[in-house]
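Colleague: Contents are mmCIF, N, CA and C atoms and all ligand atoms; file name work-v4.cif:
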data_protein
#
loop_
_atom_site.label_atom_id
_atom_site.label_comp_id
_atom_site.auth_asym_id
_atom_site.auth_seq_id
_atom_site.Cartn_x
_atom_site.Cartn_y
_atom_site.Cartn_z
N MET K 30 241.52 -73.14 201.97
CA MET K 30 242.48 -72.13 201.48
C MET K 30 242.95 -71.27 202.67
N SER K 31 244.25 -71.13 202.83
CA SER K 31 244.76 -70.34 203.97
C SER K 31 244.68 -68.85 203.67
N ASP K 32 244.81 -68.04 204.73
CA ASP K 32 244.81 -66.58 204.55
C ASP K 32 245.93 -66.15 203.61
N GLU K 33 247.10 -66.82 203.74
CA GLU K 33 248.26 -66.45 202.95
C GLU K 33 248.03 -66.71 201.45
N THR K 34 247.32 -67.80 201.17
CA THR K 34 247.07 -68.16 199.79
C THR K 34 246.25 -67.08 199.08
N VAL K 35 245.28 -66.51 199.78
CA VAL K 35 244.44 -65.48 199.15
C VAL K 35 245.00 -64.07 199.40
N GLY K 36 246.19 -63.96 199.97
CA GLY K 36 246.84 -62.66 200.11
C GLY K 36 246.28 -61.80 201.22
N LEU K 37 245.63 -62.38 202.21
CA LEU K 37 245.04 -61.58 203.28
C LEU K 37 245.95 -61.42 204.50
N ARG K 38 247.06 -62.14 204.54
CA ARG K 38 247.92 -62.07 205.72
C ARG K 38 248.62 -60.71 205.75
N LEU K 39 248.48 -59.99 206.88
CA LEU K 39 249.02 -58.63 206.98
C LEU K 39 250.43 -58.57 207.54
N ASP K 40 250.86 -59.65 208.21
CA ASP K 40 252.17 -59.59 208.89
C ASP K 40 253.21 -60.45 208.18
N ARG K 41 253.28 -60.33 206.88
CA ARG K 41 254.22 -61.16 206.11
C ARG K 41 255.67 -60.83 206.49
N ASP K 42 256.49 -61.85 206.61
CA ASP K 42 257.90 -61.67 206.99
C ASP K 42 258.68 -60.88 205.93
N ASP K 43 258.27 -61.01 204.65
CA ASP K 43 259.01 -60.34 203.58
C ASP K 43 258.43 -58.97 203.22
N ALA K 44 257.48 -58.47 204.03
CA ALA K 44 256.89 -57.16 203.73
C ALA K 44 257.87 -56.05 204.08
N VAL K 45 258.04 -55.06 203.19
CA VAL K 45 258.87 -53.89 203.49
C VAL K 45 258.07 -52.92 204.34
N LEU K 46 256.81 -52.76 203.97
CA LEU K 46 255.93 -51.84 204.69
C LEU K 46 254.50 -52.35 204.55
N THR K 47 253.80 -52.38 205.64
CA THR K 47 252.40 -52.79 205.59
C THR K 47 251.53 -51.57 205.89
N GLY K 48 250.65 -51.22 204.97
CA GLY K 48 249.75 -50.08 205.19
C GLY K 48 248.33 -50.57 205.32
N VAL K 49 247.69 -50.22 206.40
CA VAL K 49 246.30 -50.63 206.60
C VAL K 49 245.41 -49.45 206.27
N GLU K 50 244.47 -49.66 205.35
CA GLU K 50 243.56 -48.58 204.95
C GLU K 50 242.44 -48.45 205.97
N SER K 51 242.19 -47.23 206.41
CA SER K 51 241.04 -47.03 207.29
C SER K 51 240.44 -45.66 207.00
N ARG K 52 239.18 -45.49 207.28
CA ARG K 52 238.54 -44.20 207.05
C ARG K 52 237.31 -44.10 207.93
N THR K 53 236.88 -42.87 208.17
CA THR K 53 235.63 -42.63 208.89
C THR K 53 234.87 -41.53 208.16
N SER K 54 233.59 -41.39 208.46
CA SER K 54 232.83 -40.30 207.86
C SER K 54 232.98 -39.05 208.69
N SER K 55 232.69 -37.89 208.06
CA SER K 55 232.84 -36.61 208.75
C SER K 55 232.00 -36.57 210.02
N PRO K 56 232.58 -36.19 211.13
CA PRO K 56 231.82 -36.11 212.38
C PRO K 56 231.04 -34.81 212.51
N VAL K 57 231.21 -33.90 211.56
CA VAL K 57 230.48 -32.62 211.66
C VAL K 57 229.60 -32.46 210.43
N ARG K 58 228.59 -31.61 210.55
CA ARG K 58 227.71 -31.32 209.42
C ARG K 58 227.45 -29.82 209.38
N ILE K 59 227.67 -29.20 208.22
CA ILE K 59 227.37 -27.78 208.04
C ILE K 59 225.87 -27.67 207.74
N SER K 60 225.15 -26.92 208.55
CA SER K 60 223.70 -26.83 208.39
C SER K 60 223.33 -26.19 207.07
N ARG K 61 222.29 -26.73 206.43
CA ARG K 61 221.80 -26.13 205.19
C ARG K 61 220.28 -26.22 205.16
N ASP K 62 219.66 -25.29 204.41
CA ASP K 62 218.21 -25.28 204.27
C ASP K 62 217.77 -26.51 203.49
N ALA K 63 216.68 -27.14 203.93
CA ALA K 63 216.25 -28.40 203.33
C ALA K 63 215.78 -28.24 201.89
N THR K 64 215.30 -27.05 201.53
CA THR K 64 214.78 -26.85 200.18
C THR K 64 215.83 -26.25 199.25
N SER K 65 216.42 -25.11 199.67
CA SER K 65 217.38 -24.43 198.79
C SER K 65 218.76 -25.09 198.82
N LEU K 66 219.02 -25.87 199.85
CA LEU K 66 220.31 -26.54 200.10
C LEU K 66 221.45 -25.55 200.34
N GLN K 67 221.09 -24.27 200.58
CA GLN K 67 222.11 -23.28 200.91
C GLN K 67 222.40 -23.29 202.41
N SER K 68 223.61 -22.90 202.74
CA SER K 68 223.98 -22.75 204.14
C SER K 68 222.97 -21.85 204.84
N LEU K 69 222.70 -22.14 206.11
CA LEU K 69 221.73 -21.34 206.85
C LEU K 69 222.24 -19.94 207.14
N ASN K 70 223.54 -19.77 207.23
CA ASN K 70 224.04 -18.44 207.59
C ASN K 70 225.00 -17.82 206.57
N VAL K 71 225.31 -18.53 205.49
CA VAL K 71 226.14 -17.92 204.44
C VAL K 71 225.41 -18.11 203.11
N ARG K 72 224.72 -17.07 202.67
CA ARG K 72 223.95 -17.18 201.43
C ARG K 72 224.89 -17.40 200.24
N GLY K 73 224.48 -18.30 199.34
CA GLY K 73 225.30 -18.60 198.18
C GLY K 73 226.30 -19.73 198.41
N LEU K 74 226.36 -20.22 199.64
CA LEU K 74 227.23 -21.36 199.96
C LEU K 74 226.36 -22.63 200.02
N TYR K 75 226.78 -23.64 199.29
CA TYR K 75 226.01 -24.89 199.24
C TYR K 75 226.86 -26.02 199.83
N PRO K 76 226.73 -26.26 201.14
CA PRO K 76 227.52 -27.33 201.74
C PRO K 76 227.11 -28.67 201.13
N CYS K 77 228.05 -29.46 200.68
CA CYS K 77 227.67 -30.76 200.12
C CYS K 77 228.82 -31.75 200.21
N GLY K 78 228.46 -33.00 200.03
CA GLY K 78 229.46 -34.06 200.00
C GLY K 78 229.96 -34.45 201.37
N GLU K 79 231.05 -35.11 201.38
CA GLU K 79 231.54 -35.72 202.61
C GLU K 79 232.04 -34.72 203.64
N GLY K 80 232.82 -33.75 203.20
CA GLY K 80 233.40 -32.80 204.15
C GLY K 80 232.36 -32.00 204.89
N ALA K 81 231.24 -31.72 204.20
CA ALA K 81 230.16 -30.94 204.83
C ALA K 81 229.23 -31.83 205.65
N GLY K 82 229.45 -33.14 205.60
CA GLY K 82 228.66 -34.05 206.43
C GLY K 82 227.42 -34.61 205.76
N TYR K 83 227.37 -34.57 204.41
CA TYR K 83 226.18 -35.07 203.71
C TYR K 83 226.45 -36.34 202.92
N ALA K 84 227.60 -36.93 203.07
CA ALA K 84 227.89 -38.16 202.35
C ALA K 84 228.88 -39.00 203.15
N GLY K 85 228.83 -40.30 202.89
CA GLY K 85 229.74 -41.19 203.59
C GLY K 85 230.38 -42.21 202.65
N GLY K 86 230.46 -41.85 201.37
CA GLY K 86 231.05 -42.76 200.39
C GLY K 86 230.93 -42.17 199.01
N ILE K 87 231.46 -42.87 198.01
CA ILE K 87 231.49 -42.34 196.66
C ILE K 87 230.08 -42.12 196.11
N LEU K 88 229.21 -43.12 196.31
CA LEU K 88 227.87 -43.01 195.73
C LEU K 88 227.06 -41.90 196.38
N SER K 89 227.05 -41.86 197.72
CA SER K 89 226.25 -40.82 198.39
C SER K 89 226.83 -39.44 198.11
N ALA K 90 228.15 -39.32 197.94
CA ALA K 90 228.75 -38.03 197.59
C ALA K 90 228.31 -37.61 196.20
N GLY K 91 228.26 -38.57 195.28
CA GLY K 91 227.82 -38.26 193.92
C GLY K 91 226.36 -37.84 193.87
N VAL K 92 225.52 -38.57 194.61
CA VAL K 92 224.08 -38.24 194.63
C VAL K 92 223.87 -36.86 195.24
N ASP K 93 224.59 -36.57 196.33
CA ASP K 93 224.44 -35.25 196.96
C ASP K 93 224.94 -34.15 196.02
N GLY K 94 226.00 -34.43 195.27
CA GLY K 94 226.49 -33.44 194.31
C GLY K 94 225.46 -33.13 193.24
N ILE K 95 224.74 -34.16 192.78
CA ILE K 95 223.69 -33.94 191.77
C ILE K 95 222.57 -33.09 192.37
N LYS K 96 222.16 -33.44 193.62
CA LYS K 96 221.09 -32.67 194.28
C LYS K 96 221.47 -31.20 194.39
N VAL K 97 222.71 -30.94 194.79
CA VAL K 97 223.14 -29.56 194.98
C VAL K 97 223.30 -28.84 193.64
N ALA K 98 223.79 -29.55 192.62
CA ALA K 98 223.90 -28.93 191.29
C ALA K 98 222.52 -28.52 190.78
N GLU K 99 221.52 -29.36 191.03
CA GLU K 99 220.15 -29.02 190.61
C GLU K 99 219.63 -27.81 191.40
N ALA K 100 219.97 -27.76 192.70
CA ALA K 100 219.52 -26.63 193.52
C ALA K 100 220.18 -25.33 193.05
N VAL K 101 221.46 -25.40 192.71
CA VAL K 101 222.16 -24.20 192.21
C VAL K 101 221.52 -23.76 190.90
N ALA K 102 221.24 -24.71 190.01
CA ALA K 102 220.62 -24.38 188.72
C ALA K 102 219.25 -23.73 188.93
N ARG K 103 218.47 -24.26 189.88
CA ARG K 103 217.15 -23.68 190.19
C ARG K 103 217.30 -22.23 190.64
N ASP K 104 218.29 -21.98 191.51
CA ASP K 104 218.48 -20.63 192.05
C ASP K 104 218.96 -19.66 190.99
N LEU K 105 219.61 -20.16 189.94
CA LEU K 105 220.14 -19.27 188.90
C LEU K 105 219.10 -18.94 187.84
N THR K 106 217.99 -19.67 187.83
CA THR K 106 216.98 -19.45 186.77
C THR K 106 215.77 -18.70 187.31
C1 LIG B 1 241.37 -44.30 201.81
C2 LIG B 1 239.91 -44.09 201.40
C3 LIG B 1 239.23 -45.15 200.83
C4 LIG B 1 237.89 -44.98 200.45
N1 LIG B 1 237.23 -46.03 199.90
C5 LIG B 1 235.95 -45.90 199.54
C6 LIG B 1 235.25 -46.98 198.93
O1 LIG B 1 235.79 -48.07 198.70
N2 LIG B 1 233.94 -46.80 198.61
C7 LIG B 1 233.28 -45.62 198.84
O2 LIG B 1 232.10 -45.51 198.54
N3 LIG B 1 233.93 -44.58 199.41
C8 LIG B 1 235.23 -44.69 199.74
N4 LIG B 1 235.91 -43.63 200.32
C9 LIG B 1 235.17 -42.40 200.56
C10 LIG B 1 235.05 -41.56 199.31
O3 LIG B 1 236.31 -41.42 198.69
C11 LIG B 1 234.52 -40.19 199.74
O4 LIG B 1 233.34 -40.38 200.50
C12 LIG B 1 234.19 -39.32 198.54
O5 LIG B 1 235.32 -39.19 197.69
C13 LIG B 1 233.76 -37.94 199.01
O6 LIG B 1 233.52 -37.17 197.87
P1 LIG B 1 233.42 -35.60 197.99
O7 LIG B 1 233.22 -35.10 196.58
O8 LIG B 1 232.41 -35.22 199.01
O9 LIG B 1 234.83 -35.13 198.55
P2 LIG B 1 236.28 -35.26 197.89
O10 LIG B 1 236.36 -36.40 196.93
O11 LIG B 1 237.25 -35.22 199.04
O12 LIG B 1 236.39 -33.91 197.04
C14 LIG B 1 236.66 -32.65 197.63
C15 LIG B 1 237.40 -31.82 196.60
O13 LIG B 1 237.50 -30.47 197.08
C16 LIG B 1 238.80 -30.02 196.84
N5 LIG B 1 239.07 -28.95 197.80
C17 LIG B 1 239.25 -29.03 199.12
N6 LIG B 1 239.45 -27.83 199.66
C18 LIG B 1 239.40 -26.95 198.64
C19 LIG B 1 239.53 -25.54 198.55
N7 LIG B 1 239.74 -24.78 199.62
N8 LIG B 1 239.42 -24.98 197.33
C20 LIG B 1 239.19 -25.74 196.23
N9 LIG B 1 239.05 -27.08 196.25
C21 LIG B 1 239.15 -27.66 197.44
C22 LIG B 1 239.69 -31.23 197.02
O14 LIG B 1 240.93 -31.06 196.37
C23 LIG B 1 238.84 -32.31 196.37
O15 LIG B 1 239.06 -32.43 194.98
C24 LIG B 1 237.24 -43.74 200.67
C25 LIG B 1 237.96 -42.69 201.24
C26 LIG B 1 239.26 -42.86 201.61
C27 LIG B 1 240.03 -41.70 202.23
#
Transcribe the structure of this file into structure tokens.
Modeller:
Amino acid sequence: MSDETVGLRLDRDDAVLTGVESRTSSPVRISRDATSLQSLNVRGLYPCGEGAGYAGGILSAGVDGIKVAEAVARDLT
């Protein structure tokens, strides 16, 4: 089976626009306490997910969100 048959060819002559998807994970991480998960220098701030440097995809972002939600709930009770 050729590349064209399975639709993998990127330089098709009849393409109007070819968009190549690319992504990287955040190169920075906002420091947080290992237990409370709060920022080390801004109390009440819970850095989490990809932008804060704690996830690199949908699953790890979701898992980190659950961890932080539990930490927030602990701090509120
Ligand atoms: C093109 C592309 C393809 C991807 N494909 C995959 C894939 O196939 N599999 C995979 O596992 N991962 C994939 N990812 C990565 C995945 O999408 C992210 O890792 C994940 O969505 C990060 O989740 P998050 O909740 O940390 O951040 P986000 O999903 O970015 O959520 C952040 C939220 O905060 C909001 N926000 C930002 N600033 C403010 C503000 N000042 N006030 C209020 N709200 C604000 C934003 O509007 C947004 O809703 C892809 C990413 C991209 C860009």
Colleague: K:Ser60, K:Gln67, K:Thr53, K:Thr47: which is nearest K:Val101, counting all atoms listed in the file?
Modeller: K:Gln67
Colleague: May I have the residues within 7 Å of ligand LIG 1 (chain B), computed using all atoms listed in the file, as a list in words?
Modeller: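 Within the 7 Å cut-off, the matching residues are Glu50, Ser51, Arg52, Thr53, Cys77, Gly78, Glu79, Gly80, Ala81, Ala84, Gly85, Gly86, Ile87, Leu88, Ser89, Ala90 and Gly91 of chain K.
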Colleague: When DSSP works through the backbone of this structure, what residues of stretch 31-106 of chain K end up as alpha helix (DSSP H), shown as a list of chain:residue names?
Modeller: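 Here is the list: K:Ile87, K:Leu88, K:Ser89, K:Ala90, K:Gly91, K:Val92, K:Asp93, K:Gly94, K:Ile95, K:Lys96, K:Val97, K:Ala98, K:Glu99, K:Ala100, K:Val101, K:Ala102, K:Arg103, K:Asp104, K:Leu105.
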Colleague: Using all atoms listed in the file for the distances, tell me which of K:Tyr83, K:Leu46, K:Pro76, K:Ala102 is nearest to K:Asp62.
Modeller: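 When distances to K:Asp62 are compared using all atoms listed in the file, the smallest one comes from K:Pro76.
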Colleague: Would you mind reading off the distance between atom CA of K:Ala100 and atom C of K:Ala63, one decimal, in Å?
Modeller: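 Atom-to-atom, atom CA of K:Ala100 to atom C of K:Ala63, that is 9.3 Å.
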Colleague: What is the distance between atom CA of K:Ile59 and atom C of K:Tyr75, in Å to one decimal?
Modeller: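 Between these atoms lies a distance of 8.4 Å.
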Colleague: Draw an axis-aligned box tight on the listed atoms of stretch 68-73 of chain K, then pad every side by 3 Å and write out centre and edge lengths in Å to one decimal as JSON.
Modeller:
{"center_x": 224.0, "center_y": -20.0, "center_z": 202.9, "size_x": 10.6, "size_y": 11.8, "size_z": 15.4}
Colleague: Work out how far atom CA of K:Glu99 is from atom CA of K:Arg61, in Å to one decimal.
Modeller: 15.0 Å
Colleague: Counting only N, CA and C atoms, figure out which residue out of K:Gly82, K:Leu105, K:Val92, K:Ala98 gets nearest to K:Pro56.
Modeller: K:Gly82
